[in-house]
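Colleague: Sharing a structure with you now.
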Amino acid sequence: MNAADGAVIDRRDDGPEEQPDVVETMTGFAWALRAAGVNAGRERLTTCLTALEHVDPVDPEAVYWTCRVSFCSEPDDQARFDAVFGRWFLEADPEDPEPASAGDAPIDRLAARRPPGAPGDRQEVVEEDPSSATEAADVEVLRHRDVALLADAERDEINRMIALLAPRVGRRRTLRRARGGRERLDVGRTVRAMLGTGGEPVRLVRDHRRDKPRRLVLLIDVSGSMAPYADVVLRFAHAAARVSPATEVFTLGTHLTRVTRQLRLRDPDHALSAAGAAIPDWSGGTRLGETLRAFLDRWGQRGLARRAVVVIASDGWERGDAALLGEQMARLARLAHRVVWINPHRGKAGFAPATAGMVAALPSIDDLVAGHSVAALTHVAEVIARA
Amino acid sequence: MIQSRTFADPAAVAAALERVGYLADAGVATAAHLALRTGRPLFLEGDPGVGKTALAQALADITDARLVRLQCYEGIDASQALYDWDFPRQILHLRAMADGPDRPEGYDPARAEASLYDRRFLLDRPILQALEGTPAVLLIDEIDRADDEFEAFLLEVLADNAVTIPELGTIRAVTPPIVVLTSNRTREVHDALKRRCFYLWVAHPDFEREVQIVRGHLADVPDRLARDVAGLMGTLRTMDLLKPPGVAESIDWTRALQVLGATRLDRTNATATLGAAIKYREDQVRVEREVLPQLDGALVL
């Protein structure tokens, strides 16, 4: 262990004067992580600094894992973390007053070993994150949505949609019970009330199962053929997300993108531009089957689609294998409470669900509705309310 | 305070875990080491059956602590997680005091009421058990199933390691419990909770580790059989199945094959026992068509 080792993480051997460097380096690292989209806030940084005191600073594997368990908070973070970790500790930082020398500084060794792999794999390093691997493999031109500010008319439209949706998201019964009703005797509360009356059951307390809005999951096709309609559906999604916090919104195209967090912003301008910035494949191609499978594997089957009303907005133009789409739609139909498909062409005269994707998906759809205009979306809202 | 259960470094933790039958890799060992040292909760995510719950049990074993498990579900609230008063017993007590034949001479309603809220009428639920019966490992299983209001409540308890019961006062843990949370990601757990924890994504083990785990769980399983199963599992996990089999399935499957008296995996016994590993019909059809025929000739491994 030489002095150069201390530049990054060694605070034990070089005394307290090295400490600012550790803090500085790790703060910079946290900044880089944040820039890469990892939610590495101040609290996580503190956690990491505290945690680093408990591991051997020259053991690259221990340092890697300490940082990783401190900074990451979801599986999607892993690939981003690994990338930044490698970049940060491999390349000398120009701003670092005392750049780590090359050779066998722990950082270099750290980077050389990166990634030590997902827990447990020394042999198969490939399996870390299958989804990001396939995404990375496809080289393509990605586009972001044009972020134009909303006109007043569009803003009104959103407000109208909120009003439209607000009272009418379908409801389901939950396991939770609430007072009142006449369904069942609430023994616990009755007995508790007896304490106040000297042990006599003067009043019987009853309860009933509570209702809860069904979760609404919107899957919006943002491929080129849907470009004229995706915007209005996205605004509809924003309205839905505002009405019920349980709403989840994803976009489909060549990638699966979760935009729920962005659409929760109150202001529609902010929400839609944030969502636009998050969607990498705006007006790109379509691989409905694959992206739907990604949704089901990563979110739907775990619980997001269960008991939910799932709304897919797409014209069914499938670049990939239509059979895969059919298979995944069947899977979705088994999980969801109701599957609603918004096809913008549905409203046109002489429409028949003839695209390969549409034909494959049709058996698994409960409601096929139009959705090319606000008027048509009113109907969609009704269908959702009935679900 | 917590020295008794600390280990020198992650390797020492891994060794201790191995002694109690949990084979940890570097990530798990480091995370466990940090949780033991700093007292921060561990937040575990990963596919079902990768050993998240087993890790909590193993942590309890190596620290000589008791494992207290809180299974979350929709609608869980403080009276099921923390404490509740045993009302029927309180009423019995009240009645016995008020109009029993041995009613004391100087019956004092105020004292009678105070005696109702005695510790013996308190039903301790998992979190209170973990705070009182230290040292303990508190496993909060499937936190994503609970409502999000429950998370806020949990945060409060975890921050103080203490519970205040209005009638009794504050109960504080002598030794804070080691907390392990697991989630299946059916909904997003609030970041306020996550950022107080060490987050670990538990992945499937590699081949050698899986063989070791299977052999550790099943006494006298033929080595060849364990290797066959672990190898095939590795293949199955790369197939994009609806439900990739976890370690739990490897153990179940090996056990099923063992019961049949198999010493190797072949097409016949694999087909007969496939249900122990693959739980979806679509997956079974695919595996029977694409993988099992390869078992006929020389084994792939």
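In the structure tokens, each chain is lettered A, B, ... as it comes, each chain's residues begin at 1, and ligands are numbered from 1 in order of appearance.
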Residues at most 8 Å from His345 (chain A), counting only C-alpha atoms, excluding those fewer than 3 positions away in the same chain, as JSON, numbers by chain?

Modeller: {"A": [315, 348, 351, 370, 372]}

Colleague: Generate a file of the selected residues that holds C-alpha atoms, formatted as a PDB file, in the first residue's frame.

Modeller:
```
ATOM      1  CA  ASP A 315     -52.256   1.360 -34.189  1.00  0.00           C
ATOM      2  CA  LYS A 348     -62.437   6.127 -39.296  1.00  0.00           C
ATOM      3  CA  PHE A 351     -61.880   0.458 -40.321  1.00  0.00           C
ATOM      4  CA  ALA A 370     -61.101   4.879 -30.984  1.00  0.00           C
ATOM      5  CA  HIS A 372     -57.888  10.034 -31.970  1.00  0.00           C
TER       6      HIS A 372
END
```

Colleague: Counting only C-alpha atoms, what is within 7 Å of region 21-37 of chain B, bar same-chain residues fewer than 5 positions away, as a list in words?

Modeller: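 Neighbouring residues, sequence-local ones excluded: Ala51, His54, Ala62, Trp65, Thr66, Val69, Pro119 and Gly120 of chain A; Thr6, Asp9, Pro10, Ala11, Val13, Ala14, Leu42, Leu55, Ala58, Ile178, Phe198, Ile213 and Gly216 of chain B.
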
Colleague: At a cut-off of 8 Å, list the chain B residues touching chain A, using only C-alpha atoms, as a PDB file with C-alpha atoms, in the first residue's frame.

Modeller:
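Result file follows (result-v6.pdb):
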```pdb
ATOM      1  CA  ASP B   9     -14.380  -7.783   7.179  1.00  0.00           C
ATOM      2  CA  PRO B  10     -16.809  -9.019   4.528  1.00  0.00           C
ATOM      3  CA  ALA B  24     -22.736 -15.564   0.157  1.00  0.00           C
ATOM      4  CA  ASP B  25     -20.914 -13.884  -2.693  1.00  0.00           C
ATOM      5  CA  ALA B  26     -18.923 -10.679  -2.382  1.00  0.00           C
ATOM      6  CA  GLY B  27     -21.953  -8.429  -2.778  1.00  0.00           C
ATOM      7  CA  VAL B  28     -24.062 -10.147  -0.172  1.00  0.00           C
ATOM      8  CA  THR B  30     -20.238  -6.744   1.896  1.00  0.00           C
ATOM      9  CA  ALA B  31     -23.825  -5.622   2.311  1.00  0.00           C
ATOM     10  CA  LEU B  34     -22.077  -3.043   6.439  1.00  0.00           C
ATOM     11  CA  ARG B  37     -21.457  -2.586  11.400  1.00  0.00           C
ATOM     12  CA  THR B  38     -23.549   0.499  10.786  1.00  0.00           C
ATOM     13  CA  GLU B  74     -52.489  -5.137   1.933  1.00  0.00           C
ATOM     14  CA  GLY B  75     -54.161  -3.359   4.807  1.00  0.00           C
ATOM     15  CA  PHE B  87     -59.322  -6.632  24.918  1.00  0.00           C
ATOM     16  CA  PRO B  88     -61.097  -9.877  25.831  1.00  0.00           C
ATOM     17  CA  GLN B  90     -58.895  -6.918  29.785  1.00  0.00           C
ATOM     18  CA  ILE B  91     -62.646  -7.336  30.049  1.00  0.00           C
ATOM     19  CA  LEU B  94     -62.267  -5.897  34.700  1.00  0.00           C
ATOM     20  CA  ARG B  95     -65.248  -8.065  35.457  1.00  0.00           C
ATOM     21  CA  ASN B 184     -40.856  -7.957  -5.077  1.00  0.00           C
ATOM     22  CA  ARG B 185     -41.337  -4.628  -6.803  1.00  0.00           C
ATOM     23  CA  THR B 186     -45.073  -4.845  -7.329  1.00  0.00           C
ATOM     24  CA  ARG B 187     -45.073  -1.158  -6.625  1.00  0.00           C
ATOM     25  CA  LYS B 194     -34.935   3.138   0.467  1.00  0.00           C
ATOM     26  CA  ARG B 195     -32.318   5.774   1.009  1.00  0.00           C
ATOM     27  CA  ARG B 196     -31.992   4.829   4.661  1.00  0.00           C
ATOM     28  CA  CYS B 197     -31.036   1.325   3.660  1.00  0.00           C
ATOM     29  CA  PHE B 198     -28.290  -0.521   1.882  1.00  0.00           C
ATOM     30  CA  TYR B 199     -29.847  -1.674  -1.351  1.00  0.00           C
ATOM     31  CA  LEU B 200     -28.912  -5.040  -2.750  1.00  0.00           C
ATOM     32  CA  TRP B 201     -30.205  -6.789  -5.835  1.00  0.00           C
ATOM     33  CA  VAL B 202     -29.820 -10.480  -5.106  1.00  0.00           C
ATOM     34  CA  ALA B 203     -29.037 -12.351  -8.320  1.00  0.00           C
ATOM     35  CA  HIS B 204     -29.084 -16.036  -9.112  1.00  0.00           C
ATOM     36  CA  PRO B 205     -25.934 -17.841  -7.954  1.00  0.00           C
ATOM     37  CA  ASP B 206     -23.327 -19.061 -10.394  1.00  0.00           C
ATOM     38  CA  ARG B 209     -22.244 -21.873  -5.850  1.00  0.00           C
ATOM     39  CA  THR B 238     -31.154 -17.643 -20.021  1.00  0.00           C
ATOM     40  CA  LEU B 242     -42.156 -16.314 -17.789  1.00  0.00           C
TER      41      LEU B 242
END
```

Colleague: To one decimal place, how far is CA of Asp61 (chain B) from CA of Pro135 (chain B) in Å?

Modeller: 11.1 Å

Colleague: Which polymer residues have any atom within 8 Å of an atom of region 114-119 of chain B, counting only C-alpha atoms, with same-chain residues fewer than 2 positions away left out, as an MDAnalysis selection string?

Modeller: chainID B and resid 90 93:94 110:112 121:122 167:168

Colleague: How would the residues just chosen look if you wrote them out with N, CA and C atoms as a short mmCIF file (atom, residue, chain, number, x, y, z; two decimals), in the first residue's frame?

Modeller:
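Below you can see out.cif, which holds the result:
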```
data_model
loop_
_atom_site.label_atom_id
_atom_site.label_comp_id
_atom_site.auth_asym_id
_atom_site.auth_seq_id
_atom_site.Cartn_x
_atom_site.Cartn_y
_atom_site.Cartn_z
N GLN B 90 -58.69 -8.11 28.95
CA GLN B 90 -58.90 -6.92 29.78
C GLN B 90 -60.30 -6.93 30.38
N HIS B 93 -60.63 -9.40 33.12
CA HIS B 93 -59.95 -8.87 34.29
C HIS B 93 -60.84 -7.84 34.99
N LEU B 94 -61.42 -6.96 34.17
CA LEU B 94 -62.27 -5.90 34.70
C LEU B 94 -63.45 -6.48 35.46
N ALA B 110 -60.11 3.90 39.81
CA ALA B 110 -58.96 4.46 39.11
C ALA B 110 -57.84 3.44 39.02
N ARG B 111 -57.62 2.74 40.16
CA ARG B 111 -56.55 1.74 40.16
C ARG B 111 -56.93 0.56 39.29
N ALA B 112 -58.21 0.25 39.31
CA ALA B 112 -58.67 -0.85 38.47
C ALA B 112 -58.43 -0.53 37.00
N PHE B 121 -51.33 -7.40 29.43
CA PHE B 121 -52.45 -7.36 28.49
C PHE B 121 -52.03 -6.85 27.11
N LEU B 122 -50.74 -6.64 26.97
CA LEU B 122 -50.24 -6.14 25.70
C LEU B 122 -49.85 -7.32 24.81
N GLU B 167 -50.27 4.30 26.99
CA GLU B 167 -50.62 3.86 28.34
C GLU B 167 -49.42 3.34 29.11
N LEU B 168 -48.36 2.98 28.43
CA LEU B 168 -47.24 2.32 29.10
C LEU B 168 -45.95 3.14 29.10
#
```

Colleague: I'd like the contact shell of Leu218 (chain B) - 9 Å cut-off, only C-alpha atoms, skipping same-chain residues fewer than 5 positions apart - returned as a PyMOL selection string.

Modeller: chain B and resi 213+251+254-255

Colleague: Could you turn the residues from that selection into a file that holds C-alpha atoms, as a CSV table (one decimal), in the first residue's frame?

Modeller:
```csv
chain,number,residue,atom,x,y,z
B,213,ILE,CA,-26.1,-24.7,-2.1
B,251,ILE,CA,-33.4,-27.6,-4.4
B,254,THR,CA,-33.1,-32.1,-6.9
B,255,ARG,CA,-35.1,-33.4,-4.0
```

Colleague: I need the residues in region 300-365 of chain A that are strand (DSSP E) according to DSSP; give them as an MDAnalysis selection string.

Modeller: chainID A and resid 309:313 338:342

Colleague: Restrict the selected residues to N, CA and C atoms and save them as a PDB file, in the first residue's frame.

Modeller:
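New file selection_12.pdb:
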```
ATOM      1  N   VAL A 309     -56.672  -2.121 -14.806  1.00  0.00           N
ATOM      2  CA  VAL A 309     -57.220  -1.853 -16.129  1.00  0.00           C
ATOM      3  C   VAL A 309     -56.052  -1.399 -16.982  1.00  0.00           C
ATOM      4  N   VAL A 310     -55.735  -2.178 -18.002  1.00  0.00           N
ATOM      5  CA  VAL A 310     -54.579  -1.848 -18.826  1.00  0.00           C
ATOM      6  C   VAL A 310     -55.068  -1.267 -20.150  1.00  0.00           C
ATOM      7  N   VAL A 311     -54.586  -0.086 -20.453  1.00  0.00           N
ATOM      8  CA  VAL A 311     -54.986   0.583 -21.688  1.00  0.00           C
ATOM      9  C   VAL A 311     -53.780   0.674 -22.600  1.00  0.00           C
ATOM     10  N   ILE A 312     -53.895   0.121 -23.787  1.00  0.00           N
ATOM     11  CA  ILE A 312     -52.801   0.211 -24.761  1.00  0.00           C
ATOM     12  C   ILE A 312     -53.252   1.154 -25.862  1.00  0.00           C
ATOM     13  N   ALA A 313     -52.428   2.132 -26.169  1.00  0.00           N
ATOM     14  CA  ALA A 313     -52.750   3.037 -27.266  1.00  0.00           C
ATOM     15  C   ALA A 313     -51.774   2.771 -28.391  1.00  0.00           C
ATOM     16  N   ARG A 338     -58.946  -5.931 -17.085  1.00  0.00           N
ATOM     17  CA  ARG A 338     -59.542  -5.606 -18.376  1.00  0.00           C
ATOM     18  C   ARG A 338     -58.476  -4.990 -19.280  1.00  0.00           C
ATOM     19  N   VAL A 339     -58.504  -5.368 -20.542  1.00  0.00           N
ATOM     20  CA  VAL A 339     -57.539  -4.817 -21.487  1.00  0.00           C
ATOM     21  C   VAL A 339     -58.291  -3.963 -22.503  1.00  0.00           C
ATOM     22  N   VAL A 340     -57.936  -2.694 -22.543  1.00  0.00           N
ATOM     23  CA  VAL A 340     -58.568  -1.766 -23.470  1.00  0.00           C
ATOM     24  C   VAL A 340     -57.525  -1.356 -24.505  1.00  0.00           C
ATOM     25  N   TRP A 341     -57.879  -1.425 -25.742  1.00  0.00           N
ATOM     26  CA  TRP A 341     -56.941  -1.034 -26.798  1.00  0.00           C
ATOM     27  C   TRP A 341     -57.499   0.192 -27.497  1.00  0.00           C
ATOM     28  N   ILE A 342     -56.721   1.271 -27.481  1.00  0.00           N
ATOM     29  CA  ILE A 342     -57.125   2.468 -28.199  1.00  0.00           C
ATOM     30  C   ILE A 342     -56.440   2.452 -29.555  1.00  0.00           C
TER      31      ILE A 342
END
```
